[in-house]
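In what follows, a structure is listed as structure tokens, so that the remarks can point back to it.
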Amino acid sequence: MSDLYHVSSAPHVRAKDTTSRIMLYVIIAMLPASLFGIYNFGIRALLLILVTVASCVASEWIFNKIIHKKQTIGDLSAVVTGMILALNLPVNLPIWEAIVGGVFAIVIVKMLFGGLGQNFMNPALAARCFLLIAFAKDMTNFVTDTYTGATPLAAMRNGEAVNTMDMLIGRTAGTIGETSVIALIIGAIFMILMGVIDLRIPASYIVTFAVFMMLFGGHGVDANYITAQLCAGGLMFGAFFMATDYVTSPITPKGQILFGICCGIFTGIFRCFGANAEGVSFAIILSNILVPLLEKITVPNAFGVVKAKAAKGDK
Amino acid sequence: MNKYVERLYNGIIKENPTFVLMLGMCPTLAVTSSAINGLGMGLSTTVVLVFANLLISIFRKKIPNGVRIPAFIVIVASLVTIVEFLLKAYIPVLSESLGVYIPLIVVNCIILGRAESFASKNEPVISIFDGLGMGLGFTLGLTIIGLIREILGAGTIFDAPVLTNIGYTPMTIFIMAPGAFLVLAFLVAGMNIIRKKMEEKGKPLAKPSGCITGGDCANCASAAGCTSPEKKEN
């Protein structure tokens, strides 16, 4: 009881959650997917993850040194950014390109906008999109020793049949961390149990996307096709790990649901009508940009205050 | 300092249109996908700027004040048409890669800005130097941006393969639209560091603003709708 008493101004009761603690939970939640990626794609996946994380942490450290700011690498957010970015890369990406991605994520998308909490889009995703445009060939080369075929998404786009069971387990071509739906779900359940994320964004994202695919996917209400679309590509990874980023998602509950709906619609549009088979990254960073507007239209009423419109109606 | 040299210094450094005044951003972002494009655009603009300044300065007492903007535009548009045809005839490759941005020099705010703020009030000879300085400053800015984008985005310098020879994979994004914004942002950030240093030394650069007359609001045609921080309330 005694540690609840603080002779200070409010807040008097504090939770134990700190930024670094939450980031640590996210890192733990990404471990199953990372480990499966290393198992699936070999030791080079581990190397790529380590290099990307090191590049993110080092660039944050160096940036803070150069502009004489307090070191912020202790909050572990750079590690999270590095891991998300690495899990979004194909395993055969040249090492230096991964380093460029890490530097871009931290220096340009995060630190130049004021550091953690100020970045207007998810650094890891922005870096992935940067790499995707900058090194289009290397970023879409998913051919490895084990997997020589197209990714499930590309295969589906060409009208080929895919094995949904393989996609659940993760035995498919793709980026390091996105292939295994089971590993991702384990991480997601851990985060939900720990209270790091809630289901609003992922659920509205996935449901909206499923509905969109039923309407516009060209297969109608085909459970197999919808399941395959949900398990393919970066959708699960994006919905649970990237769209739920605190900084770049709305803080209002209604806003979060709208945000998930935006992500779902954009992803559907990109997958159905876009030039590429995948669109999760672009969908999420586009929705990131909408966040200030979503927050503006979903400001909750203060307790006890009557809505302006309702008051007018009473007269 | 000689007043002619001063005009050149003013255009290239002190009021550099690209990095200090931030004028003419449309061609700056759109055509600088390679160094040669930047240089070509810059030089074309310089030619138009020099002759426009000269002609406007010569006719400055004949042009009625009320129709001076249309008059300036007619002069500039004639010059641009000449430049466009010359490019098509003698450097068709450049003309093709610059495309619509050559005719768009007509509405380049640097040219109208110099006509309004300098050439219409000064002698022909010094107006030529003013146009030359501004034009060279613009060329310098565009060439630097083009050079950086070309090196990063294509691995070449003036089409000579430099980095691609040593196994560099070009970052294509830099010769696309986002690359223009990224490179410009970094150069302007660098310029702001220089600006700060210059202010500490007591040699301030001009302020970036939409002001085309250098704060001469009483004689400015667009004073009514002006949002520049330098606007003086009369």
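Each chain in the structure tokens gets a letter, A, B, ..., in the order shown, and its residues are numbered from 1; ligands are numbered from 1 in order too.
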
For chain B, work out the contacting residues on chain A at 12 Å, counting only C-alpha atoms, and write them as an mmCIF file with C-alpha atoms, in the first residue's frame.
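As a result, out_23.cif now contains:
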data_model
loop_
_atom_site.group_PDB
_atom_site.id
_atom_site.type_symbol
_atom_site.label_atom_id
_atom_site.label_comp_id
_atom_site.auth_asym_id
_atom_site.auth_seq_id
_atom_site.Cartn_x
_atom_site.Cartn_y
_atom_site.Cartn_z
ATOM 1 C CA LEU A 93 18.407 -8.494 -49.818
ATOM 2 C CA PRO A 94 22.011 -7.197 -49.987
ATOM 3 C CA TRP A 96 24.058 -2.648 -47.381
ATOM 4 C CA GLU A 97 20.550 -2.074 -48.680
ATOM 5 C CA VAL A 100 20.254 2.043 -45.845
ATOM 6 C CA GLY A 101 16.710 1.065 -44.869
ATOM 7 C CA PHE A 104 16.232 5.948 -43.516
ATOM 8 C CA VAL A 107 17.054 9.369 -39.253
ATOM 9 C CA ILE A 108 14.601 10.592 -41.868
ATOM 10 C CA VAL A 109 11.240 9.259 -40.749
ATOM 11 C CA LEU A 112 14.144 14.448 -38.134
ATOM 12 C CA ALA A 127 11.652 2.559 -44.848
ATOM 13 C CA CYS A 129 8.322 1.455 -48.956
ATOM 14 C CA PHE A 130 11.456 3.512 -49.605
ATOM 15 C CA LEU A 131 13.434 0.322 -50.223
ATOM 16 C CA LEU A 132 10.629 -1.103 -52.325
ATOM 17 C CA ILE A 133 10.762 1.876 -54.673
ATOM 18 C CA ALA A 134 14.531 2.331 -54.488
ATOM 19 C CA PHE A 135 15.537 -1.304 -54.998
ATOM 20 C CA ALA A 136 12.448 -2.705 -56.675
ATOM 21 C CA LYS A 137 14.298 -5.715 -58.067
ATOM 22 C CA ASP A 138 16.011 -6.822 -54.866
ATOM 23 C CA MET A 139 12.960 -6.161 -52.708
#

Please identify every residue of segment 3-29 of chain B that has at least one atom no farther than 12 Å from an atom of segment 114-121 of chain B, counting only C-alpha atoms, and for each give the shortest atom pair and the distance in Å to one decimal, arranged by chain then increasing number, as a Markdown table.
| residue | atom | partner | partner_atom | distance |
| --- | --- | --- | --- | --- |
| B:Arg7 | CA | B:Phe118 | CA | 10.6 |
| B:Gly11 | CA | B:Arg114 | CA | 10.4 |
| B:Glu15 | CA | B:Arg114 | CA | 11.5 |
| B:Pro17 | CA | B:Arg114 | CA | 10.5 |
| B:Leu23 | CA | B:Arg114 | CA | 11.2 |

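Proximity to Thr46 of chain B was assessed for B:Phe181, B:Tyr101, B:Tyr90, B:Phe129 counting only C-alpha atoms; the smallest distance is recorded for B:Phe129.
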
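Pairwise distance (atom CA of Ser204 of chain A, atom CA of Gly279 of chain A) equals 17.1 Å.
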
Hey, what's within 10 Å of segment 67-73 of chain A if we count only C-alpha atoms and toss same-chain stuff fewer than 3 positions away? As a VMD selection string, please?
-> chain A and resid 20 56 to 64 76 to 79 115 to 116

Next, write the just-selected residues to a file, as a tab-separated table (two decimals), in the first residue's frame, keeping N, CA and C atoms as the atom set.
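Ended up saving to again26.tsv:
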chain	number	residue	atom	x	y	z
A	20	SER	N	10.00	1.58	-22.52
A	20	SER	CA	10.91	0.48	-22.81
A	20	SER	C	10.28	-0.87	-22.48
A	56	CYS	N	19.59	0.50	-37.11
A	56	CYS	CA	18.60	1.43	-36.54
A	56	CYS	C	19.12	2.01	-35.23
A	57	VAL	N	19.62	1.15	-34.34
A	57	VAL	CA	20.07	1.63	-33.04
A	57	VAL	C	21.26	2.56	-33.22
A	58	ALA	N	22.20	2.17	-34.09
A	58	ALA	CA	23.39	2.98	-34.29
A	58	ALA	C	23.03	4.34	-34.87
A	59	SER	N	22.08	4.36	-35.83
A	59	SER	CA	21.79	5.67	-36.42
A	59	SER	C	21.08	6.57	-35.42
A	60	GLU	N	20.25	5.99	-34.53
A	60	GLU	CA	19.63	6.84	-33.51
A	60	GLU	C	20.69	7.38	-32.55
A	61	TRP	N	21.65	6.52	-32.18
A	61	TRP	CA	22.70	6.93	-31.25
A	61	TRP	C	23.54	8.05	-31.87
A	62	ILE	N	23.95	7.84	-33.14
A	62	ILE	CA	24.80	8.83	-33.79
A	62	ILE	C	24.05	10.13	-33.99
A	63	PHE	N	22.76	10.03	-34.39
A	63	PHE	CA	21.98	11.25	-34.62
A	63	PHE	C	21.88	12.08	-33.33
A	64	ASN	N	21.59	11.37	-32.21
A	64	ASN	CA	21.49	12.08	-30.94
A	64	ASN	C	22.81	12.72	-30.56
A	76	LEU	N	14.27	1.37	-26.47
A	76	LEU	CA	14.14	0.16	-27.28
A	76	LEU	C	13.29	0.33	-28.53
A	77	SER	N	12.79	1.55	-28.78
A	77	SER	CA	11.91	1.69	-29.94
A	77	SER	C	12.70	1.48	-31.23
A	78	ALA	N	13.99	1.83	-31.23
A	78	ALA	CA	14.79	1.61	-32.43
A	78	ALA	C	14.95	0.12	-32.70
A	79	VAL	N	15.03	-0.67	-31.63
A	79	VAL	CA	15.14	-2.12	-31.82
A	79	VAL	C	13.86	-2.64	-32.47
A	115	GLY	N	11.82	12.58	-33.16
A	115	GLY	CA	12.02	11.39	-32.35
A	115	GLY	C	10.73	10.65	-32.05
A	116	LEU	N	10.82	9.68	-31.15
A	116	LEU	CA	9.69	8.81	-30.84
A	116	LEU	C	8.50	9.64	-30.37

Quick one: everything within 10 Å of Ile73 of chain B, counting only C-alpha atoms, minus sequence neighbours fewer than 6 positions away in the same chain. Send it as an MDAnalysis selection string.
-> chainID B and resid 52 79 106:107 111:112 115

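With only C-alpha atoms as the atoms that count, the residue of B:Ile110, B:Ile194, B:Leu86, B:Leu142 with the shortest distance to Leu21 of chain B is B:Ile110.
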
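When atom CA of Ala150 of chain A is paired with atom CA of Ile169 of chain A, their separation reads 17.1 Å.
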
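Residue nearest Val181 of chain A, chosen from A:Met194, A:Met30, A:Leu258, A:Ile265 and counting only C-alpha atoms: A:Met30.
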
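With atom CA of Tyr25 of chain A on one side and atom CA of Ala232 of chain A on the other, the separation reads 25.1 Å.
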